[in-house]
Amino acid sequence: MSSERIIHVADLRFINESLGSLRGDIGTVSQQVESVGSNLDQTRNELAWLKEAFDNFVAADIKAKELSLAETRQVKIRQELESTFGYYAQIRRQATGILQASDIQLVRKETLRNATEELMLAAPRYWLAPALVALSAWLGDNRELATRALAEAGRRDDEKTSLFFALIARRAGRNEACRRWLDRYFALQNPYHLDRQTVVMLDAMANGVFGADASMHCSKRVSLWIDELAQRVGFVETQRRQWSDGLLSKTPNVEHGNRYSHLQRYCPNWSALNGALNGVAMHQAVLEHFDGVFKGEIKAESSVLIAVDNLLSKLVTRFDDEELPLRRQEEMCRFIIEEGGDKLAAIKRNDLQSKALDDQVDFTQLLTNAAMHPETSHVTRATQRFAIAHSRDWILAAHADLTAKVRLAIPIKVQITIEDWTGETANGENETDLLANLKDSIAKLETEALTQAKLSGLHWIVLVFGVLMVFATFSAGLLLLLVGAACLTWVFLAYRQIEQTRAKIRAKFATLLDQSTQALRACIAETVELRRDIAKRDHIANAVTALLESISPEQHILAHHDAVRRVLNNK
Amino acid sequence: MPMFSSGPITYAQWTQCLDLLASGLHDDSVLAQMEQGTLSWSGGVGPLFAQRISDEFTSRLTRCSQLLTRDLSASTDDASVVRAILNARQTLYFLHRIAQLTVFADTLRMHLTGEVRKFAERSQQSLEDSARADRSGRLRLLLRHNNLLRYDCLVQPVLPPLPDASTPTVPPSAMPLNGTPTGARHRRNILS
């Protein structure tokens, strides 16, 4: 009896301590596991955020460096242009200076002759120096010197010399000489390989600088060139490609993620959608471009002298092929700066516009360059109008092609991925179905997670063992009752723990469902707005077509400076 | 015209409603549909919807202003001035009814109601300022008696019943300008 009492007292203390310790351990372990789990989730989220921030930082850093580099390089290129070809500038300035000085007869002929001869010595390979010597000799009635200087200028650059003297003859009002120089100039031309300075001839024609006779001559020649080019195999395809490139160069490169933030985040094909938005935005840019060209009146220069002087300045300053490599680099730097350091976008733009700085192009490409890239081709608005009017049918065809291509590139389905759920919609019409599907998906995940949170095999064994021990108490004594009670208590604690876990799982999935539903609704709303946006921008294509169809070539040649009436023949 | 059995629910359906509203062809039916609709004002949806409805309000108020200006400048007598004001008031009343829809969030409702009120106040003030040039004071009196700000006191117009062979239909011209069917006989005016 006494031994039973001793065992009873000793066992009670031990079991109580064990139970308390066990409860404490389970609680501690459970808290630690929860803490580790939440820390892991937080760390994962922070890592994802950090990665995104780092990627953004790297992209911004690269852009900033490219921008800074392009700005520095642009300055260097301009300095190099100045140092390498700077001495041409003095000669160029004298071209119109000599003409204006002789107009008002303020400079002696000897001074003109001496000045031009000095220029001849300063610029050994430059075509303009002998041309100016010829000009001063002509002004000084020195036929022999003029002939020799002209021969040298022609040898150095026959095309530019012919065009230069055609303009000078026009300035002097010698129409017959102008026509002969133009004949010579045209005889040198191959419509498949034209030099860039041909736009000066177009400028003169479009601005009504040439007389009626010369202007008609140019018009006929332009028509002949176009006819000749049109007979080439694949001409129409080439035109469409050229104009498609020209129109595509107007496509903006904008990130629309600010307006459609949820689609940017949850839509795997967001880049295609953003590209489609930029693609259809091209219509607005093209419309603005053409509208800007055709809007308003172009005021002609007050006299033919000013108009010719402007053209002469342009001819002698803008079209020297020696400068072209540096000019191309300068243009590339300009694109990088305009794109805010985005080199890929700049390269893409440069690829589309590079033909504007080619040594030689065919006549239709020349028209394309004049129409679409006036800042690189150095043409006036009148020439732009003329070029667009002459290319109207090709532009219409290219624009129709491009419109179809842009429409094809619009993704039919917008994919949405929220956590592990994936769905797709075309126009947001299946919002109810998608919401139900998302709800089902999350409910399924919740069920799976709840299924995992259950009593394990060990728990069941201990439970059965505990029950058996309790029943065995009747035959084997109080010790087994205590063992059984301990087992049952342990199982009960584990069960309570699991219940708490299940409650947390339910709360977690309720939050997930709420957040996912909100995200899905936002994605659907943005999809609807995106489709409206695309449709609205795409609709502008009709306005572009209407504008182009209203243009005719004959309307876009300015009146001549001569008092001659122009009669249009519509046949 | 799309008809939803229990009003628009999804954003796409709301968009169809707003497009119809923008067309201006089925205003009353669209409003009836919107009254029955529901919309979730979650983070991503609310701003987009608010932008759409605000754009529609701006467009309607601009049009209302233009019409009022045109009608007033073309008015030759008191009746045409009153008619111009009543037309504007009718437009404001319709917008007021839209702004009061319970389906909208409180902030949006307050914003839209405020926009309509501000427009009415500005227009009334502008009309009264321009009436000062009229020395007879007649125009000022007319404007005071037909105050633009009383747009919210109008009664909802009764929609014409569906055509039925047994009941004769009332032509729209027989409806009064403020949309209130009075049922009383009008006094005949004999113009000299």
# chains A, B, ... in the order shown; residues from 1 in each chain; ligands from 1
call {"tool": "interface_residues", "arguments": {"of": "chain B", "to": "chain A", "cutoff": "12 Å", "atoms": "only C-alpha atoms", "output": "list of chain:residue names"}}
result
B:Pro8, B:Ile9, B:Thr10, B:Tyr11, B:Ala12, B:Gln13, B:Trp14, B:Thr15, B:Gln16, B:Asp19, B:Leu39, B:Ser40, B:Trp41, B:Ser42, B:Gly43, B:Gly44, B:Val45, B:Gly46, B:Pro47, B:Leu48, B:Phe49, B:Ala50, B:Gln51, B:Arg52
call {"tool": "residues_around", "arguments": {"residues": "Phe335 (chain A)", "least_positions_apart": "2", "cutoff": "12 Å", "atoms": "only C-alpha atoms", "output": "ChimeraX atom specification"}}
result
/A:66-67,70-71,74,249,328-333,337-354,376
call {"tool": "select_by_dssp", "arguments": {"residues": "region 67-282 of chain A", "states": "alpha helix (DSSP H)", "output": "number ranges by chain"}}
result
A: 67-104, 109-122, 128-139, 143-171, 175-187, 198-206, 212-230, 235-248, 261-266, 270-282
call {"tool": "atom_distance", "arguments": {"atom1": "CA of Ser391 (chain A)", "atom2": "CA of Ala307 (chain A)"}}
result
25.3 Å
call {"tool": "residues_around", "arguments": {"residues": "Phe492 (chain A)", "least_positions_apart": "2", "cutoff": "12 Å", "atoms": "only C-alpha atoms", "output": "list in words"}}
result
Arg23, Leu455, His459, Trp460, Val462, Leu463, Gly466, Ala485, Ala486, Cys487, Leu488, Thr489, Trp490, Ala494, Tyr495, Arg496, Gln497, Ile498 and Glu499 of chain A
call {"tool": "residues_around", "arguments": {"residues": "Gly97 (chain A)", "least_positions_apart": "3", "cutoff": "12 Å", "atoms": "only C-alpha atoms", "output": "PyMOL selection string"}}
result
chain A and resi 90-94+100-107+112+115-116+132+135-136+309-310+312-313
call {"tool": "write_last_selection", "arguments": {"atoms": "N, CA and C atoms", "output": "PDB file, in the first residue's frame"}}
result
ATOM      1  N   GLN A  90      33.609  79.260 -95.385  1.00  0.00           N
ATOM      2  CA  GLN A  90      33.956  80.584 -95.929  1.00  0.00           C
ATOM      3  C   GLN A  90      33.612  80.642 -97.422  1.00  0.00           C
ATOM      4  N   ILE A  91      33.935  79.533 -98.105  1.00  0.00           N
ATOM      5  CA  ILE A  91      33.661  79.489 -99.555  1.00  0.00           C
ATOM      6  C   ILE A  91      32.156  79.546 -99.786  1.00  0.00           C
ATOM      7  N   ARG A  92      31.427  78.793 -98.948  1.00  0.00           N
ATOM      8  CA  ARG A  92      29.972  78.721 -99.110  1.00  0.00           C
ATOM      9  C   ARG A  92      29.329  80.089 -98.932  1.00  0.00           C
ATOM     10  N   ARG A  93      29.834  80.809 -97.908  1.00  0.00           N
ATOM     11  CA  ARG A  93      29.261  82.127 -97.645  1.00  0.00           C
ATOM     12  C   ARG A  93      29.494  83.074 -98.820  1.00  0.00           C
ATOM     13  N   GLN A  94      30.635  82.873 -99.505  1.00  0.00           N
ATOM     14  CA  GLN A  94      30.975  83.805-100.590  1.00  0.00           C
ATOM     15  C   GLN A  94      30.110  83.584-101.835  1.00  0.00           C
ATOM     16  N   GLN A 100      25.219  88.901-104.440  1.00  0.00           N
ATOM     17  CA  GLN A 100      24.549  90.074-103.865  1.00  0.00           C
ATOM     18  C   GLN A 100      25.408  91.325-104.025  1.00  0.00           C
ATOM     19  N   ALA A 101      26.740  91.150-103.927  1.00  0.00           N
ATOM     20  CA  ALA A 101      27.633  92.300-104.087  1.00  0.00           C
ATOM     21  C   ALA A 101      27.562  92.825-105.522  1.00  0.00           C
ATOM     22  N   SER A 102      27.503  91.898-106.465  1.00  0.00           N
ATOM     23  CA  SER A 102      27.447  92.355-107.867  1.00  0.00           C
ATOM     24  C   SER A 102      26.078  92.964-108.198  1.00  0.00           C
ATOM     25  N   ASP A 103      25.046  92.538-107.484  1.00  0.00           N
ATOM     26  CA  ASP A 103      23.703  93.126-107.694  1.00  0.00           C
ATOM     27  C   ASP A 103      23.729  94.634-107.439  1.00  0.00           C
ATOM     28  N   ILE A 104      24.377  94.992-106.349  1.00  0.00           N
ATOM     29  CA  ILE A 104      24.353  96.405-105.964  1.00  0.00           C
ATOM     30  C   ILE A 104      25.628  97.141-106.387  1.00  0.00           C
ATOM     31  N   GLN A 105      26.532  96.405-107.037  1.00  0.00           N
ATOM     32  CA  GLN A 105      27.757  96.973-107.624  1.00  0.00           C
ATOM     33  C   GLN A 105      28.562  97.792-106.606  1.00  0.00           C
ATOM     34  N   LEU A 106      28.835  97.146-105.483  1.00  0.00           N
ATOM     35  CA  LEU A 106      29.620  97.832-104.444  1.00  0.00           C
ATOM     36  C   LEU A 106      31.069  97.349-104.418  1.00  0.00           C
ATOM     37  N   VAL A 107      31.342  96.210-105.042  1.00  0.00           N
ATOM     38  CA  VAL A 107      32.688  95.623-104.969  1.00  0.00           C
ATOM     39  C   VAL A 107      33.308  95.638-106.365  1.00  0.00           C
ATOM     40  N   LEU A 112      36.699  90.878-106.457  1.00  0.00           N
ATOM     41  CA  LEU A 112      35.987  89.599-106.589  1.00  0.00           C
ATOM     42  C   LEU A 112      36.926  88.532-107.132  1.00  0.00           C
ATOM     43  N   ALA A 115      39.528  87.508-104.532  1.00  0.00           N
ATOM     44  CA  ALA A 115      38.927  86.713-103.431  1.00  0.00           C
ATOM     45  C   ALA A 115      38.668  85.283-103.899  1.00  0.00           C
ATOM     46  N   THR A 116      38.094  85.124-105.091  1.00  0.00           N
ATOM     47  CA  THR A 116      37.768  83.766-105.569  1.00  0.00           C
ATOM     48  C   THR A 116      39.024  82.972-105.874  1.00  0.00           C
ATOM     49  N   LEU A 132      33.157  79.351-108.286  1.00  0.00           N
ATOM     50  CA  LEU A 132      33.125  80.765-107.914  1.00  0.00           C
ATOM     51  C   LEU A 132      34.097  81.583-108.767  1.00  0.00           C
ATOM     52  N   LEU A 135      32.326  82.163-111.825  1.00  0.00           N
ATOM     53  CA  LEU A 135      31.281  83.169-111.619  1.00  0.00           C
ATOM     54  C   LEU A 135      31.869  84.582-111.653  1.00  0.00           C
ATOM     55  N   SER A 136      32.998  84.751-110.949  1.00  0.00           N
ATOM     56  CA  SER A 136      33.612  86.094-110.926  1.00  0.00           C
ATOM     57  C   SER A 136      34.163  86.446-112.303  1.00  0.00           C
ATOM     58  N   ASP A 309      18.643  82.592-103.885  1.00  0.00           N
ATOM     59  CA  ASP A 309      19.743  82.648-102.909  1.00  0.00           C
ATOM     60  C   ASP A 309      19.580  81.586-101.818  1.00  0.00           C
ATOM     61  N   ASN A 310      18.342  81.403-101.374  1.00  0.00           N
ATOM     62  CA  ASN A 310      18.091  80.360-100.370  1.00  0.00           C
ATOM     63  C   ASN A 310      18.444  78.984-100.909  1.00  0.00           C
ATOM     64  N   LEU A 312      20.506  78.327-103.369  1.00  0.00           N
ATOM     65  CA  LEU A 312      21.966  78.227-103.570  1.00  0.00           C
ATOM     66  C   LEU A 312      22.666  77.910-102.249  1.00  0.00           C
ATOM     67  N   SER A 313      22.236  78.610-101.196  1.00  0.00           N
ATOM     68  CA  SER A 313      22.842  78.347 -99.873  1.00  0.00           C
ATOM     69  C   SER A 313      22.649  76.889 -99.489  1.00  0.00           C
TER      70      SER A 313
END
